[in-house]
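Chemist: The file below is my_file.tsv, TSV, N, CA and C atoms:
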```
chain	number	residue	atom	x	y	z
A	1	MET	N	0.84	-1.17	0.00
A	1	MET	CA	0.00	0.00	0.00
A	1	MET	C	0.89	1.24	0.00
A	2	LEU	N	0.52	2.23	-0.79
A	2	LEU	CA	1.26	3.47	-0.88
A	2	LEU	C	0.38	4.64	-0.49
A	3	SER	N	0.97	5.62	0.11
A	3	SER	CA	0.25	6.83	0.48
A	3	SER	C	1.22	8.00	0.42
A	4	TRP	N	0.73	9.17	0.08
A	4	TRP	CA	1.58	10.35	0.06
A	4	TRP	C	0.75	11.58	0.34
A	5	LYS	N	1.43	12.64	0.70
A	5	LYS	CA	0.79	13.90	1.05
A	5	LYS	C	0.03	14.46	-0.16
A	6	GLN	N	-1.10	15.07	0.10
A	6	GLN	CA	-1.92	15.64	-0.96
A	6	GLN	C	-1.11	16.64	-1.79
A	7	HIS	N	-1.24	16.53	-3.12
A	7	HIS	CA	-0.61	17.42	-4.11
A	7	HIS	C	0.91	17.30	-4.14
A	8	SER	N	1.47	16.27	-3.55
A	8	SER	CA	2.92	16.11	-3.63
A	8	SER	C	3.26	15.26	-4.86
A	9	PRO	N	4.41	15.49	-5.46
A	9	PRO	CA	4.79	14.69	-6.63
A	9	PRO	C	4.98	13.23	-6.23
A	10	HIS	N	4.63	12.33	-7.14
A	10	HIS	CA	4.81	10.91	-6.85
A	10	HIS	C	4.97	10.13	-8.16
A	11	TYR	N	5.59	8.99	-8.04
A	11	TYR	CA	5.84	8.14	-9.19
A	11	TYR	C	5.95	6.71	-8.68
A	12	THR	N	5.17	5.81	-9.24
A	12	THR	CA	5.23	4.41	-8.82
A	12	THR	C	5.51	3.54	-10.04
A	13	VAL	N	6.19	2.45	-9.82
A	13	VAL	CA	6.49	1.49	-10.88
A	13	VAL	C	5.96	0.14	-10.43
A	14	ASN	N	5.19	-0.49	-11.27
A	14	ASN	CA	4.63	-1.80	-10.97
A	14	ASN	C	5.02	-2.72	-12.12
A	15	HIS	N	6.14	-3.29	-12.08
A	15	HIS	CA	6.76	-4.08	-13.14
A	15	HIS	C	5.75	-4.94	-13.92
A	16	ASP	N	5.77	-6.24	-13.80
A	16	ASP	CA	4.92	-7.11	-14.62
A	16	ASP	C	3.68	-7.62	-13.89
A	17	GLU	N	3.29	-6.99	-12.85
A	17	GLU	CA	2.16	-7.47	-12.07
A	17	GLU	C	0.97	-6.53	-12.23
A	18	ILE	N	-0.22	-7.07	-11.99
A	18	ILE	CA	-1.43	-6.26	-12.08
A	18	ILE	C	-1.46	-5.25	-10.94
A	19	ASN	N	-1.95	-4.09	-11.21
A	19	ASN	CA	-2.05	-3.05	-10.19
A	19	ASN	C	-3.48	-2.55	-10.18
A	20	ILE	N	-4.12	-2.60	-9.03
A	20	ILE	CA	-5.47	-2.09	-8.88
A	20	ILE	C	-5.41	-0.94	-7.90
A	21	GLY	N	-5.78	0.24	-8.36
A	21	GLY	CA	-5.74	1.41	-7.49
A	21	GLY	C	-7.11	1.71	-6.92
A	22	LEU	N	-7.18	1.76	-5.64
A	22	LEU	CA	-8.41	2.17	-4.95
A	22	LEU	C	-8.05	3.44	-4.20
A	23	GLY	N	-8.57	4.53	-4.66
A	23	GLY	CA	-8.17	5.79	-4.05
A	23	GLY	C	-9.35	6.60	-3.57
A	24	THR	N	-9.11	7.36	-2.55
A	24	THR	CA	-10.09	8.33	-2.09
A	24	THR	C	-9.39	9.67	-2.06
A	25	PHE	N	-10.13	10.70	-2.26
A	25	PHE	CA	-9.56	12.03	-2.26
A	25	PHE	C	-10.24	12.83	-1.18
A	26	HIS	N	-9.45	13.40	-0.34
A	26	HIS	CA	-9.97	14.23	0.75
A	26	HIS	C	-9.41	15.63	0.57
A	27	GLY	N	-10.15	16.47	-0.10
A	27	GLY	CA	-9.69	17.82	-0.37
A	27	GLY	C	-9.92	18.74	0.81
A	28	THR	N	-9.10	19.75	0.88
A	28	THR	CA	-9.24	20.78	1.90
A	28	THR	C	-9.28	22.13	1.22
A	29	ALA	N	-9.74	23.13	1.92
A	29	ALA	CA	-9.77	24.48	1.36
A	29	ALA	C	-8.36	24.94	1.00
A	30	GLY	N	-7.39	24.62	1.85
A	30	GLY	CA	-6.01	24.99	1.58
A	30	GLY	C	-5.47	24.27	0.35
A	31	GLY	N	-5.84	23.01	0.20
A	31	GLY	CA	-5.41	22.24	-0.96
A	31	GLY	C	-5.99	22.79	-2.24
A	32	GLU	N	-7.25	23.18	-2.21
A	32	GLU	CA	-7.89	23.77	-3.39
A	32	GLU	C	-7.23	25.08	-3.78
A	33	LYS	N	-6.85	25.88	-2.79
A	33	LYS	CA	-6.14	27.13	-3.09
A	33	LYS	C	-4.81	26.85	-3.78
A	34	LYS	N	-4.10	25.82	-3.29
A	34	LYS	CA	-2.82	25.47	-3.92
A	34	LYS	C	-3.02	25.05	-5.37
A	35	VAL	N	-4.04	24.26	-5.62
A	35	VAL	CA	-4.33	23.83	-6.99
A	35	VAL	C	-4.61	25.04	-7.87
A	36	MET	N	-5.41	25.95	-7.38
A	36	MET	CA	-5.72	27.17	-8.15
A	36	MET	C	-4.48	28.04	-8.33
A	37	ASN	N	-3.62	28.10	-7.31
A	37	ASN	CA	-2.38	28.88	-7.44
A	37	ASN	C	-1.52	28.34	-8.57
A	38	TYR	N	-1.37	27.01	-8.63
A	38	TYR	CA	-0.56	26.41	-9.69
A	38	TYR	C	-1.21	26.59	-11.06
A	39	ALA	N	-2.53	26.44	-11.14
A	39	ALA	CA	-3.23	26.62	-12.41
A	39	ALA	C	-3.10	28.07	-12.90
A	40	ALA	N	-3.26	29.03	-11.98
A	40	ALA	CA	-3.14	30.44	-12.34
A	40	ALA	C	-1.71	30.76	-12.78
A	41	SER	N	-0.75	30.23	-12.05
A	41	SER	CA	0.64	30.48	-12.40
A	41	SER	C	0.96	29.94	-13.79
A	42	ARG	N	0.47	28.75	-14.08
A	42	ARG	CA	0.71	28.17	-15.41
A	42	ARG	C	0.06	29.03	-16.50
A	43	PHE	N	-1.18	29.46	-16.27
A	43	PHE	CA	-1.88	30.29	-17.24
A	43	PHE	C	-1.09	31.56	-17.54
A	44	PHE	N	-0.64	32.26	-16.49
A	44	PHE	CA	0.08	33.51	-16.70
A	44	PHE	C	1.45	33.29	-17.32
A	45	ARG	N	2.13	32.19	-16.98
A	45	ARG	CA	3.42	31.88	-17.61
A	45	ARG	C	3.25	31.66	-19.10
A	46	GLU	N	2.17	30.96	-19.49
A	46	GLU	CA	1.95	30.66	-20.90
A	46	GLU	C	1.52	31.88	-21.71
A	47	HIS	N	0.81	32.80	-21.10
A	47	HIS	CA	0.25	33.93	-21.85
A	47	HIS	C	0.98	35.26	-21.62
A	48	PHE	N	1.65	35.40	-20.51
A	48	PHE	CA	2.37	36.64	-20.20
A	48	PHE	C	3.73	36.26	-19.63
A	49	SER	N	4.71	36.11	-20.51
A	49	SER	CA	6.02	35.61	-20.08
A	49	SER	C	6.68	36.48	-19.02
A	50	VAL	N	6.26	37.72	-18.90
A	50	VAL	CA	6.81	38.61	-17.89
A	50	VAL	C	6.41	38.14	-16.48
A	51	LEU	N	5.25	37.51	-16.39
A	51	LEU	CA	4.72	37.09	-15.08
A	51	LEU	C	5.11	35.65	-14.76
A	52	HIS	N	6.38	35.38	-14.73
A	52	HIS	CA	6.84	34.05	-14.39
A	52	HIS	C	7.47	34.09	-13.00
A	53	GLY	N	7.76	32.95	-12.46
A	53	GLY	CA	8.43	32.90	-11.16
A	53	GLY	C	7.90	31.78	-10.31
A	54	VAL	N	8.43	31.69	-9.13
A	54	VAL	CA	8.08	30.64	-8.19
A	54	VAL	C	6.70	30.93	-7.60
A	55	VAL	N	5.92	29.87	-7.39
A	55	VAL	CA	4.62	30.03	-6.74
A	55	VAL	C	4.86	30.04	-5.24
A	56	ARG	N	4.60	31.16	-4.62
A	56	ARG	CA	4.73	31.28	-3.16
A	56	ARG	C	3.33	31.45	-2.59
A	57	HIS	N	2.84	30.39	-1.99
A	57	HIS	CA	1.48	30.37	-1.47
A	57	HIS	C	1.32	31.38	-0.33
A	58	GLY	N	0.26	32.16	-0.41
A	58	GLY	CA	-0.07	33.06	0.69
A	58	GLY	C	0.40	34.48	0.51
A	59	ASN	N	1.20	34.78	-0.52
A	59	ASN	CA	1.61	36.18	-0.67
A	59	ASN	C	0.62	36.92	-1.58
A	60	PHE	N	0.74	38.22	-1.64
A	60	PHE	CA	-0.20	39.06	-2.37
A	60	PHE	C	-0.21	38.73	-3.87
A	61	SER	N	0.97	38.56	-4.46
A	61	SER	CA	1.08	38.30	-5.89
A	61	SER	C	0.34	37.02	-6.28
A	62	THR	N	0.54	35.97	-5.53
A	62	THR	CA	-0.11	34.69	-5.83
A	62	THR	C	-1.62	34.79	-5.65
A	63	THR	N	-2.04	35.47	-4.60
A	63	THR	CA	-3.47	35.65	-4.36
A	63	THR	C	-4.11	36.46	-5.49
A	64	LEU	N	-3.42	37.50	-5.95
A	64	LEU	CA	-3.93	38.32	-7.06
A	64	LEU	C	-4.04	37.48	-8.33
A	65	ARG	N	-2.99	36.72	-8.66
A	65	ARG	CA	-3.03	35.86	-9.85
A	65	ARG	C	-4.19	34.87	-9.78
A	66	ARG	N	-4.37	34.25	-8.61
A	66	ARG	CA	-5.43	33.26	-8.45
A	66	ARG	C	-6.80	33.89	-8.70
A	67	ASN	N	-7.03	35.08	-8.15
A	67	ASN	CA	-8.33	35.73	-8.29
A	67	ASN	C	-8.57	36.24	-9.71
A	68	VAL	N	-7.54	36.78	-10.35
A	68	VAL	CA	-7.68	37.21	-11.75
A	68	VAL	C	-7.94	35.99	-12.64
A	69	PHE	N	-7.26	34.90	-12.37
A	69	PHE	CA	-7.46	33.66	-13.11
A	69	PHE	C	-8.91	33.19	-12.99
A	70	ARG	N	-9.47	33.26	-11.79
A	70	ARG	CA	-10.89	32.89	-11.60
A	70	ARG	C	-11.81	33.76	-12.43
A	71	VAL	N	-11.52	35.07	-12.46
A	71	VAL	CA	-12.34	35.98	-13.27
A	71	VAL	C	-12.23	35.61	-14.75
A	72	PHE	N	-11.01	35.33	-15.22
A	72	PHE	CA	-10.81	34.92	-16.61
A	72	PHE	C	-11.62	33.67	-16.93
A	73	ARG	N	-11.64	32.71	-16.03
A	73	ARG	CA	-12.41	31.48	-16.27
A	73	ARG	C	-13.90	31.78	-16.35
A	74	ARG	N	-14.38	32.64	-15.49
A	74	ARG	CA	-15.82	32.98	-15.51
A	74	ARG	C	-16.21	33.75	-16.76
A	75	LEU	N	-15.28	34.54	-17.28
A	75	LEU	CA	-15.55	35.30	-18.51
A	75	LEU	C	-15.35	34.46	-19.76
A	76	GLY	N	-14.83	33.24	-19.60
A	76	GLY	CA	-14.63	32.38	-20.75
A	76	GLY	C	-13.29	32.56	-21.43
A	77	VAL	N	-12.42	33.42	-20.87
A	77	VAL	CA	-11.09	33.62	-21.44
A	77	VAL	C	-10.28	32.33	-21.27
A	78	LYS	N	-10.45	31.68	-20.15
A	78	LYS	CA	-9.75	30.43	-19.87
A	78	LYS	C	-10.80	29.38	-19.56
A	79	THR	N	-10.75	28.26	-20.30
A	79	THR	CA	-11.67	27.17	-20.04
A	79	THR	C	-10.98	26.10	-19.20
A	80	HIS	N	-11.78	25.25	-18.60
A	80	HIS	CA	-11.23	24.16	-17.79
A	80	HIS	C	-10.48	23.18	-18.66
A	81	GLN	N	-9.45	22.57	-18.10
A	81	GLN	CA	-8.70	21.53	-18.80
A	81	GLN	C	-9.58	20.29	-18.93
A	82	PRO	N	-9.48	19.56	-20.04
A	82	PRO	CA	-10.25	18.33	-20.16
A	82	PRO	C	-9.76	17.30	-19.15
A	83	LYS	N	-10.65	16.41	-18.76
A	83	LYS	CA	-10.27	15.36	-17.83
A	83	LYS	C	-9.22	14.46	-18.46
A	84	THR	N	-8.40	13.89	-17.63
A	84	THR	CA	-7.42	12.92	-18.10
A	84	THR	C	-8.15	11.65	-18.50
A	85	GLU	N	-7.77	11.10	-19.63
A	85	GLU	CA	-8.38	9.84	-20.07
A	85	GLU	C	-7.50	8.67	-19.66
A	86	PHE	N	-8.13	7.69	-19.05
A	86	PHE	CA	-7.45	6.48	-18.66
A	86	PHE	C	-7.93	5.35	-19.56
A	87	LEU	N	-6.99	4.63	-20.16
A	87	LEU	CA	-7.34	3.53	-21.06
A	87	LEU	C	-7.06	2.20	-20.37
A	88	THR	N	-7.87	1.20	-20.70
A	88	THR	CA	-7.68	-0.13	-20.12
A	88	THR	C	-7.90	-1.20	-21.17
A	89	GLU	N	-7.21	-2.32	-21.01
A	89	GLU	CA	-7.37	-3.47	-21.89
A	89	GLU	C	-7.96	-4.66	-21.15
A	90	PHE	N	-8.08	-4.55	-19.83
A	90	PHE	CA	-8.54	-5.67	-19.00
A	90	PHE	C	-9.72	-5.25	-18.14
A	91	ARG	N	-10.48	-6.23	-17.72
A	91	ARG	CA	-11.52	-6.00	-16.71
A	91	ARG	C	-11.41	-7.10	-15.68
A	92	LEU	N	-11.80	-6.79	-14.47
A	92	LEU	CA	-11.79	-7.80	-13.41
A	92	LEU	C	-12.83	-8.86	-13.75
A	93	ASP	N	-12.44	-10.12	-13.63
A	93	ASP	CA	-13.33	-11.23	-13.98
A	93	ASP	C	-13.08	-12.40	-13.03
A	94	PRO	N	-13.95	-12.58	-12.05
A	94	PRO	CA	-13.74	-13.64	-11.06
A	94	PRO	C	-13.84	-15.05	-11.64
A	95	THR	N	-14.34	-15.19	-12.86
A	95	THR	CA	-14.45	-16.53	-13.46
A	95	THR	C	-13.13	-16.99	-14.07
A	96	GLN	N	-12.17	-16.09	-14.24
A	96	GLN	CA	-10.88	-16.44	-14.82
A	96	GLN	C	-9.88	-16.79	-13.72
A	97	SER	N	-8.93	-17.65	-14.04
A	97	SER	CA	-7.95	-18.09	-13.04
A	97	SER	C	-7.08	-16.95	-12.53
A	98	ASN	N	-6.78	-15.99	-13.41
A	98	ASN	CA	-5.95	-14.86	-12.97
A	98	ASN	C	-6.80	-13.66	-12.54
A	99	GLY	N	-8.12	-13.79	-12.59
A	99	GLY	CA	-9.01	-12.71	-12.16
A	99	GLY	C	-9.21	-11.61	-13.17
A	100	LEU	N	-8.72	-11.80	-14.40
A	100	LEU	CA	-8.82	-10.76	-15.44
A	100	LEU	C	-9.32	-11.35	-16.74
A	101	SER	N	-9.96	-10.53	-17.55
A	101	SER	CA	-10.28	-10.92	-18.92
A	101	SER	C	-9.98	-9.74	-19.82
A	102	ASN	N	-9.59	-10.04	-21.07
A	102	ASN	CA	-9.30	-9.00	-22.05
A	102	ASN	C	-10.60	-8.36	-22.52
A	103	ILE	N	-10.53	-7.08	-22.82
A	103	ILE	CA	-11.68	-6.36	-23.37
A	103	ILE	C	-11.55	-6.37	-24.88
A	104	ARG	N	-12.54	-6.91	-25.57
A	104	ARG	CA	-12.51	-6.91	-27.04
A	104	ARG	C	-12.50	-5.50	-27.56
A	105	GLY	N	-11.70	-5.28	-28.58
A	105	GLY	CA	-11.63	-3.94	-29.17
A	105	GLY	C	-10.85	-2.96	-28.31
A	106	GLY	N	-10.18	-3.47	-27.27
A	106	GLY	CA	-9.45	-2.61	-26.35
A	106	GLY	C	-8.18	-2.07	-26.99
A	107	PRO	N	-7.53	-1.12	-26.40
A	107	PRO	CA	-7.92	-0.52	-25.14
A	107	PRO	C	-9.12	0.42	-25.30
A	108	VAL	N	-9.89	0.52	-24.23
A	108	VAL	CA	-11.07	1.38	-24.21
A	108	VAL	C	-10.92	2.39	-23.07
A	109	LYS	N	-11.71	3.44	-23.15
A	109	LYS	CA	-11.68	4.46	-22.11
A	109	LYS	C	-12.29	3.89	-20.84
A	110	ALA	N	-11.57	4.05	-19.73
A	110	ALA	CA	-12.06	3.56	-18.44
A	110	ALA	C	-13.22	4.43	-17.94
A	111	GLU	N	-14.04	3.85	-17.09
A	111	GLU	CA	-15.23	4.58	-16.59
A	111	GLU	C	-14.88	5.88	-15.92
A	112	CYS	N	-13.74	5.94	-15.24
A	112	CYS	CA	-13.38	7.17	-14.53
A	112	CYS	C	-13.02	8.30	-15.48
A	113	SER	N	-12.90	8.02	-16.79
A	113	SER	CA	-12.57	9.06	-17.76
A	113	SER	C	-13.80	9.71	-18.36
A	114	ILE	N	-14.94	9.12	-18.19
A	114	ILE	CA	-16.16	9.61	-18.83
A	114	ILE	C	-16.65	10.87	-18.12
A	115	GLU	N	-16.96	11.88	-18.91
A	115	GLU	CA	-17.47	13.13	-18.35
A	115	GLU	C	-18.87	12.90	-17.78
A	116	PRO	N	-19.18	13.55	-16.65
A	116	PRO	CA	-20.53	13.39	-16.07
A	116	PRO	C	-21.61	14.01	-16.92
```
Written as structure tokens, how would this file's structure read?
Modeler:
Amino acid sequence: MLSWKQHSPHYTVNHDEINIGLGTFHGTAGGEKKVMNYAASRFFREHFSVLHGVVRHGNFSTTLRRNVFRVFRRLGVKTHQPKTEFLTEFRLDPTQSNGLSNIRGGPVKAECSIEP
């Protein structure tokens, strides 16, 4: 079992074995602010090269960028990023000896990738 701090970088390698991820997400107001800070910083770096630099959470500059970014999104200047698509070739199948069966026509988009 693996666990890591919310919004921290992570990388896992699962060589030749099946990996089933069961995850829960417990967001906090502080975590959401950090996500918005990074999104705003990326937006301004891509569109206004003068406004680059380190994201320092809690200072005036970062708060201003975050709030201007929110206004841009509401005005339609910046749209939300599309969801990440996860592809799969297998499905869990208790009737098989290894617990898996191939999906015909796979890989297919996993259920967690479908927009609500």
Chemist: Any idea what's packed within 7 Å of range 34-41 of chain A, counting all atoms listed in the file, ignoring anything in its chain fewer than 2 positions away? Could you give it as a ChimeraX atom specification?
Modeler: /A:29-32,43-46,55,57,62,65-66,69-70
Chemist: Have a look at A:His15, A:Lys33, A:Lys109, A:Arg56 and name the one nearest to Thr88 in chain A; count all atoms listed in the file.
Modeler: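 Going through A:His15, A:Lys33, A:Lys109, A:Arg56 one by one, the smallest distance to Thr88 in chain A is for A:Lys109.
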Chemist: Using only C-alpha atoms, which of A:Ile103, A:Leu75, A:Val50, A:Val68 sits nearest Leu87 in chain A?
Modeler: A:Ile103
Chemist: Rounded to one decimal in Å, what is the spacing between CA of Glu17 in chain A and CA of Gly99 in chain A?
Modeler: 12.3 Å
Chemist: Measure the distance from atom C of Phe48 in chain A to CA of Arg74 in chain A in Å and round it to one decimal.
Modeler: 20.2 Å
Chemist: Have a look at atom C of Gly106 in chain A and CA of Phe90 in chain A and let me know their distance in Å, one decimal.
Modeler: 8.8 Å
Chemist: Give me every strand (DSSP E) residue in range 36-94 of chain A, going by DSSP on the backbone, as JSON, numbers by chain.
Modeler: {"A": [87, 88, 90, 91, 92]}
Chemist: As a PyMOL selection string, please: all residues of range 15-107 of chain A that backbone DSSP puts in helix (DSSP H, G or I).
Modeler: chain A and resi 29-47+60-75
